[in-house]
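Structure data follow from query03.txt (compact mmCIF, C-alpha atoms):
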# COMPACT_ATOMS: atom_id res chain seq x y z
CA MET A 1 -14.17 43.98 50.31
CA LYS A 2 -13.56 40.19 50.11
CA LYS A 3 -16.53 39.80 47.75
CA ILE A 4 -15.14 42.52 45.45
CA LEU A 5 -11.71 40.84 45.36
CA MET A 6 -13.30 37.47 44.61
CA LEU A 7 -15.30 38.96 41.74
CA LEU A 8 -12.15 40.57 40.34
CA ALA A 9 -10.30 37.28 40.61
CA ILE A 10 -12.87 35.31 38.56
CA PRO A 11 -12.04 36.97 35.19
CA ALA A 12 -8.33 36.42 35.86
CA VAL A 13 -8.93 32.71 36.48
CA LEU A 14 -11.02 32.42 33.33
CA LEU A 15 -8.33 34.27 31.36
CA LEU A 16 -5.68 31.88 32.67
CA ALA A 17 -7.82 28.89 31.76
CA GLY A 18 -8.27 30.32 28.27
CA CYS A 19 -4.52 30.75 27.87
CA GLN A 20 -3.91 27.16 28.92
CA LYS A 21 -6.56 25.93 26.47
CA SER A 22 -5.02 27.81 23.55
CA ALA A 23 -1.47 26.88 24.44
CA SER A 24 0.71 26.18 21.41
CA LYS A 25 0.61 22.70 19.93
CA PRO A 26 3.52 20.27 20.20
CA GLU A 27 6.12 20.88 17.51
CA VAL A 28 7.59 18.32 15.14
CA VAL A 29 10.55 19.25 12.93
CA THR A 30 11.09 17.62 9.54
CA THR A 31 14.25 17.81 7.46
CA PHE A 32 13.13 18.24 3.85
CA GLU A 33 10.02 18.30 1.63
CA PRO A 34 8.97 14.62 1.45
CA MET A 35 9.43 14.21 5.21
CA TYR A 36 7.36 17.36 5.73
CA GLU A 37 4.56 16.25 3.40
CA PHE A 38 4.40 12.72 4.81
CA THR A 39 4.36 14.00 8.40
CA LYS A 40 1.85 16.79 7.72
CA ALA A 41 -0.50 14.32 6.01
CA ILE A 42 -0.37 12.13 9.13
CA VAL A 43 -0.76 14.73 11.90
CA GLY A 44 -3.19 17.13 10.21
CA ASP A 45 -3.85 20.01 12.62
CA LYS A 46 -2.98 18.08 15.78
CA VAL A 47 0.71 19.05 15.71
CA ASP A 48 2.72 21.99 14.36
CA VAL A 49 5.19 20.84 11.71
CA GLU A 50 8.24 22.89 10.72
CA ASN A 51 10.55 22.04 7.82
CA ILE A 52 14.16 23.20 8.00
CA VAL A 53 15.92 22.49 4.67
CA PRO A 54 15.16 25.31 2.17
CA ALA A 55 13.82 24.27 -1.24
CA ASN A 56 16.88 25.66 -3.04
CA GLN A 57 19.33 23.84 -0.75
CA GLU A 58 20.93 20.54 -1.80
CA VAL A 59 19.96 18.07 0.93
CA HIS A 60 23.21 16.12 0.61
CA GLU A 61 25.22 19.24 1.44
CA PHE A 62 22.95 20.79 4.07
CA GLU A 63 24.20 21.62 7.56
CA PRO A 64 21.76 23.18 10.06
CA SER A 65 22.40 26.65 11.45
CA GLY A 66 22.60 27.37 15.18
CA LYS A 67 19.02 28.67 15.10
CA GLN A 68 17.79 25.52 13.36
CA VAL A 69 19.60 23.33 15.87
CA ALA A 70 17.86 25.26 18.67
CA THR A 71 14.49 24.66 16.98
CA MET A 72 15.22 20.94 16.73
CA THR A 73 16.44 20.80 20.34
CA ASN A 74 13.02 21.95 21.54
CA ALA A 75 11.06 19.67 19.22
CA GLU A 76 8.92 16.81 20.46
CA ALA A 77 10.06 14.83 17.42
CA ILE A 78 12.50 15.12 14.53
CA VAL A 79 11.48 13.26 11.37
CA TYR A 80 14.35 12.62 8.97
CA ASN A 81 14.85 10.25 6.06
CA SER A 82 17.98 8.30 6.89
CA ASN A 83 21.28 8.19 8.70
CA ASP A 84 22.96 8.02 5.26
CA LEU A 85 21.49 11.36 4.17
CA GLU A 86 20.94 13.66 7.17
CA LYS A 87 24.07 12.50 9.00
CA TRP A 88 23.83 15.44 11.40
CA ALA A 89 20.38 14.45 12.69
CA LYS A 90 21.65 11.85 15.16
CA LYS A 91 23.85 14.47 16.83
CA VAL A 92 20.94 16.77 17.75
CA ASN A 93 20.00 16.36 21.43
CA ASN A 94 16.28 17.11 21.21
CA LYS A 95 13.97 16.69 24.17
CA GLY A 96 11.68 14.33 22.27
CA ILE A 97 12.18 11.45 19.83
CA LYS A 98 13.94 11.02 16.51
CA ILE A 99 12.21 9.13 13.71
CA GLU A 100 14.28 7.68 10.87
CA ALA A 101 11.53 7.30 8.29
CA SER A 102 13.42 4.76 6.17
CA LYS A 103 14.45 2.45 9.02
CA ASP A 104 12.12 -0.33 7.80
CA VAL A 105 13.14 -0.03 4.14
CA ASP A 106 15.22 -2.77 2.50
CA LYS A 107 18.22 -0.54 1.86
CA ILE A 108 20.58 -0.39 -1.09
CA SER A 109 23.99 0.04 0.51
CA GLY A 110 24.96 3.70 0.88
CA ASP A 111 22.00 4.98 -1.15
CA PRO A 112 19.64 7.32 0.76
CA HIS A 113 17.11 8.05 -2.04
CA THR A 114 14.40 5.79 -0.66
CA TRP A 115 11.52 8.28 -0.94
CA ILE A 116 11.79 8.48 -4.76
CA SER A 117 10.04 5.10 -5.02
CA PRO A 118 6.32 5.16 -4.11
CA LYS A 119 6.68 1.61 -2.72
CA GLN A 120 9.25 2.82 -0.20
CA ALA A 121 7.31 6.03 0.47
CA ILE A 122 4.44 3.83 1.69
CA ILE A 123 6.78 2.14 4.17
CA GLU A 124 8.09 5.51 5.35
CA VAL A 125 4.62 6.97 5.94
CA ASN A 126 3.60 3.93 7.98
CA THR A 127 6.82 4.15 10.03
CA ILE A 128 6.33 7.85 10.77
CA ALA A 129 2.69 7.28 11.75
CA SER A 130 3.59 4.39 14.05
CA GLU A 131 6.35 6.29 15.86
CA LEU A 132 4.30 9.49 16.23
CA GLY A 133 1.43 7.39 17.56
CA LYS A 134 3.71 6.16 20.34
CA LYS A 135 4.81 9.71 21.13
CA PHE A 136 1.27 11.15 21.08
CA PRO A 137 -0.95 8.22 22.16
CA ASP A 138 -4.07 10.41 22.48
CA ASP A 139 -3.87 11.12 18.75
CA LYS A 140 -2.80 7.65 17.62
CA ALA A 141 -6.17 6.74 16.07
CA THR A 142 -6.27 10.02 14.12
CA PHE A 143 -2.72 9.52 12.87
CA GLU A 144 -3.52 5.98 11.73
CA LYS A 145 -6.64 7.14 9.89
CA ASN A 146 -4.80 10.02 8.20
CA ALA A 147 -1.88 7.76 7.26
CA ALA A 148 -4.23 5.20 5.71
CA SER A 149 -5.84 7.94 3.61
CA TYR A 150 -2.46 9.17 2.33
CA VAL A 151 -1.14 5.63 1.77
CA ALA A 152 -4.17 4.96 -0.45
CA LYS A 153 -2.96 7.79 -2.72
CA LEU A 154 0.56 6.37 -2.71
CA LYS A 155 -0.75 2.92 -3.59
CA LYS A 156 -2.57 4.36 -6.60
CA LEU A 157 0.68 6.03 -7.69
CA ASP A 158 2.55 2.76 -7.06
CA SER A 159 0.13 0.83 -9.29
CA GLU A 160 0.71 3.35 -12.09
CA PHE A 161 4.50 2.95 -11.79
CA ASP A 162 4.02 -0.83 -11.82
CA THR A 163 2.98 -0.57 -15.48
CA LEU A 164 6.64 0.22 -16.29
CA LYS A 165 7.50 -3.42 -15.59
CA ASP A 166 5.90 -4.34 -18.92
CA ALA A 167 8.12 -1.98 -20.93
CA LYS A 168 10.39 -3.44 -23.60
CA GLN A 169 13.00 -0.68 -23.16
CA LYS A 170 13.77 -0.42 -19.45
CA THR A 171 17.06 1.50 -19.46
CA PHE A 172 17.27 5.23 -18.81
CA ILE A 173 20.16 7.70 -18.37
CA THR A 174 20.10 10.09 -15.40
CA GLN A 175 22.26 12.94 -14.23
CA HIS A 176 23.13 11.31 -10.91
CA GLU A 177 22.40 8.04 -9.17
CA ALA A 178 19.18 8.92 -7.37
CA PHE A 179 16.70 6.45 -8.85
CA ALA A 180 18.05 3.08 -7.73
CA TYR A 181 15.06 2.29 -5.48
CA LEU A 182 12.61 3.31 -8.16
CA SER A 183 14.50 1.16 -10.69
CA ARG A 184 14.63 -1.85 -8.36
CA ASP A 185 10.95 -1.63 -7.48
CA TYR A 186 9.66 -1.25 -11.03
CA GLY A 187 12.07 -3.43 -13.02
CA LEU A 188 14.08 -0.62 -14.62
CA LYS A 189 17.79 -0.06 -15.20
CA GLU A 190 19.27 3.32 -14.32
CA ILE A 191 22.57 4.40 -15.85
CA ALA A 192 23.88 7.41 -13.94
CA ILE A 193 26.33 9.92 -15.40
CA ALA A 194 27.59 10.78 -11.90
CA GLY A 195 27.44 8.77 -8.68
CA LEU A 196 25.37 9.35 -5.56
CA ASP A 197 26.77 12.88 -5.18
CA PRO A 198 25.26 15.11 -7.90
CA GLU A 199 28.12 17.61 -7.71
CA VAL A 200 30.89 15.12 -8.67
CA GLU A 201 31.75 15.49 -12.34
CA PRO A 202 32.56 12.35 -14.37
CA SER A 203 35.70 12.02 -16.47
CA ALA A 204 35.79 12.47 -20.24
CA SER A 205 36.27 8.71 -20.67
CA THR A 206 33.17 8.02 -18.58
CA LEU A 207 31.09 10.31 -20.80
CA ALA A 208 32.53 8.64 -23.93
CA ASN A 209 31.60 5.19 -22.59
CA LEU A 210 28.10 6.37 -21.73
CA LYS A 211 27.67 7.69 -25.27
CA VAL A 212 28.55 4.24 -26.61
CA GLU A 213 26.08 2.59 -24.21
CA MET A 214 23.35 4.98 -25.30
CA GLU A 215 23.97 4.21 -28.96
CA LYS A 216 23.88 0.45 -28.30
CA ALA A 217 20.61 0.71 -26.38
CA GLY A 218 19.10 3.19 -28.83
CA LEU A 219 18.53 5.77 -26.11
CA LYS A 220 17.59 9.26 -27.27
CA ASN A 221 16.92 10.94 -23.91
CA VAL A 222 19.08 12.11 -21.00
CA TYR A 223 17.38 13.05 -17.73
CA PHE A 224 18.54 16.07 -15.76
CA GLU A 225 17.48 17.48 -12.38
CA GLY A 226 16.34 21.05 -12.05
CA ASN A 227 17.74 21.43 -8.51
CA ALA A 228 21.31 20.47 -9.51
CA ASN A 229 23.90 21.64 -12.03
CA SER A 230 22.80 20.13 -15.35
CA LYS A 231 26.06 20.81 -17.21
CA ILE A 232 27.19 17.18 -17.33
CA ALA A 233 23.78 16.00 -18.56
CA GLU A 234 23.85 18.70 -21.25
CA THR A 235 27.34 17.65 -22.32
CA LEU A 236 26.34 14.00 -22.77
CA ALA A 237 23.07 14.84 -24.53
CA LYS A 238 24.86 17.13 -27.00
CA SER A 239 27.55 14.53 -27.64
CA ALA A 240 25.01 11.76 -28.24
CA GLY A 241 22.50 13.91 -30.12
CA ALA A 242 19.92 13.18 -27.44
CA ASN A 243 17.07 15.13 -25.86
CA LEU A 244 17.23 16.61 -22.37
CA ILE A 245 14.24 15.79 -20.18
CA GLY A 246 13.65 17.01 -16.62
CA ILE A 247 13.18 14.54 -13.80
CA ASN A 248 12.68 15.42 -10.16
CA THR A 249 14.30 13.97 -7.05
CA VAL A 250 11.46 15.61 -5.06
CA GLU A 251 13.76 17.12 -2.45
CA GLY A 252 12.07 20.53 -2.36
CA LEU A 253 9.46 22.75 -3.97
CA SER A 254 10.32 25.95 -5.84
CA ASP A 255 8.15 29.04 -5.40
CA GLU A 256 6.59 28.36 -8.79
CA GLN A 257 5.79 24.75 -7.86
CA LYS A 258 4.20 25.90 -4.61
CA LYS A 259 2.13 28.44 -6.54
CA ASN A 260 0.99 25.68 -8.89
CA GLY A 261 -0.04 23.50 -5.96
CA ASP A 262 2.59 20.85 -6.63
CA ASN A 263 3.55 18.25 -4.05
CA TYR A 264 5.23 14.85 -3.76
CA LEU A 265 2.33 13.10 -5.50
CA THR A 266 2.12 15.49 -8.47
CA LEU A 267 5.90 15.60 -8.98
CA MET A 268 6.14 11.82 -8.93
CA GLN A 269 3.31 11.72 -11.47
CA ASP A 270 5.37 14.09 -13.63
CA ASN A 271 8.36 11.75 -13.25
CA LEU A 272 6.25 8.84 -14.48
CA THR A 273 5.18 10.83 -17.52
CA ALA A 274 8.81 11.77 -18.22
CA LEU A 275 10.05 8.19 -17.89
CA LYS A 276 7.43 6.92 -20.31
CA LYS A 277 9.16 8.98 -23.03
CA THR A 278 12.11 6.58 -22.77
CA ILE A 279 10.67 3.44 -21.17
CA LYS A 280 8.53 1.94 -23.94

Show this structure as structure tokens.
Amino acid sequence: MKKILMLLAIPAVLLLAGCQKSASKPEVVTTFEPMYEFTKAIVGDKVDVENIVPANQEVHEFEPSGKQVATMTNAEAIVYNSNDLEKWAKKVNNKGIKIEASKDVDKISGDPHTWISPKQAIIEVNTIASELGKKFPDDKATFEKNAASYVAKLKKLDSEFDTLKDAKQKTFITQHEAFAYLSRDYGLKEIAIAGLDPEVEPSASTLANLKVEMEKAGLKNVYFEGNANSKIAETLAKSAGANLIGINTVEGLSDEQKKNGDNYLTLMQDNLTALKKTIK
């Protein structure tokens, strides 16, 4: 009878061992698309990565739901861009670590749009990889290798943006002030219709002054963002007889962009192409 029980117990032990082996991977939560892409490029298939800000949601205005807070509470790590942008992130009491991707960036006071410059994206990827390597030491070497591979792509993009430094016309008009880091890093001058908040509408006098500035600089293009209300950009462009050109803050991917295989690298390449229409 004992032998029979022992034989019956063996499959149960093997089954238990199999369950332990296929246990779910550690989970890392990211806040929005660039943080997701950077983190996913680093961890590969070693860690499960979940992104919480929907593509159609303005990151500046986002507040996590109770369910999303619960997901973050159980996460081994939360990767977010900055304390200036995801102000709610610091309040989440997760069991693991929090990684502020932009903590090593030379900040422009109050401006959270660090990721829009490839130079700063490189810093952020290296920061995320370093912090995740501390959290998951067994995978540190893999993370470093993956990060180096992705950084090589960012450096190529960075070198292409560097060509803008040689432009004679370096001023461009944008819908809202999201391209300060990109401008600083590549010798450009951004004139924003609105401030850091894309939903704040400028006064009529502000639009009139911008029209005068455009005429003085000979600017014939106004850049608008597809993920924000473009009414103010349209108003200025119509007033100044200028063209409207799309530019992307790379906060999220639409269903169409996902279908087309777009990502941070391709959208930033599109931004470079768009800027070259003004920066000559």

Practice task
Within 8 Å of region 189-193 of chain A, counting all atoms listed in the file, which residues show up once you throw out same-chain ones fewer than 5 positions away? Write them as number ranges by chain, please.
Solution key: A: 170-177, 179-180, 183-184, 202, 206-207, 210, 232-233

Give me the region 68-117 of chain A side of the contact with region 25-46 of chain A, cut-off 10 Å, one line per residue showing its nearest atom pair and distance in Å at one decimal, counting only C-alpha atoms, sorted by chain and residue number, as a tab-separated table.
residue	atom	partner	partner_atom	distance
A:Gln68	CA	A:Val29	CA	9.6
A:Thr71	CA	A:Val29	CA	7.8
A:Met72	CA	A:Val29	CA	6.3
A:Thr73	CA	A:Val29	CA	9.6
A:Asn74	CA	A:Glu27	CA	8.1
A:Ala75	CA	A:Glu27	CA	5.4
A:Glu76	CA	A:Val28	CA	5.7
A:Ala77	CA	A:Val28	CA	4.8
A:Ile78	CA	A:Val29	CA	4.8
A:Val79	CA	A:Thr30	CA	4.7
A:Tyr80	CA	A:Thr31	CA	5.4
A:Asn81	CA	A:Met35	CA	6.8
A:Glu86	CA	A:Thr31	CA	7.9
A:Ala89	CA	A:Thr31	CA	8.7
A:Gly96	CA	A:Val28	CA	9.1
A:Ile97	CA	A:Val28	CA	9.5
A:Lys98	CA	A:Val29	CA	9.6
A:Ile99	CA	A:Thr30	CA	9.5
A:Glu100	CA	A:Met35	CA	9.9
A:Ala101	CA	A:Met35	CA	7.9
A:Trp115	CA	A:Pro34	CA	7.2
A:Ile116	CA	A:Pro34	CA	9.2

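Reported to one decimal place, the separation of CA of Phe143 (chain A) from CA of Ser130 (chain A) is 8.2 Å.
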
Problem - Pick from A:Gly241, A:Gly133, A:Gly187, A:Gly252, whichever lies nearest to Val47 (chain A) using all atoms listed in the file - result: A:Gly133

Practice task
Counting all atoms listed in the file, figure out which residue out of A:Lys107, A:Ser203, A:Ile128, A:Ser117 gets nearest to Tyr264 (chain A).
Solution key: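 Of A:Lys107, A:Ser203, A:Ile128, A:Ser117, the one nearest Tyr264 (chain A), counting all atoms listed in the file, is A:Ser117.
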
Practice task
Would you please work out which residue, of A:Pro118, A:Pro112, A:Gly218, A:Gly261, is nearest to Ile279 (chain A) when using only C-alpha atoms?
Solution key: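 So, comparing all the options, the nearest one is A:Gly218.
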
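Nearest to Asp166 (chain A) of all the residues A:Val125, A:Tyr186, A:Leu154, A:Ser254 is A:Tyr186, counting all atoms listed in the file.
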
Practice task
Would you please work out which residue, of A:Leu132, A:Ala178, A:Ala70, A:Ala167, is nearest to Asp111 (chain A) when using only C-alpha atoms?
Solution key: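 For Asp111 (chain A), the nearest of the given residues is A:Ala178.
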
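Within 8 Å of the file-frame point (3.2, 3.9, 5.1), and using all atoms listed in the file, the polymer residues found are Ala121, Ile122, Ile123, Glu124, Val125, Asn126, Thr127, Ile128, Ala129, Ala147, Ala148 and Val151 of chain A.
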
Problem - Distance in Å - CA of Lys211 (chain A) versus CA of Met268 (chain A) - result: 27.3 Å

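With CA of Val222 (chain A) on one side and CA of Ser205 (chain A) on the other, the separation reads 17.5 Å.
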
Handout entry: Closest of A:Asp262, A:Glu50, A:Glu256, A:Glu215 to Ser239 (chain A) - atom-to-atom distances counting all atoms listed in the file
Key =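 Closest residue, counting all atoms listed in the file: A:Glu215.
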
Practice task
Identify, on the basis of only C-alpha atoms, every residue whose closest approach to Gln169 (chain A) does not exceed 10 Å; exclude the query and any residue fewer than 5 positions from it along the same chain; express the result as an MDAnalysis selection string.
Solution key: chainID A and resid 164 188:189 217:219 276 278:280
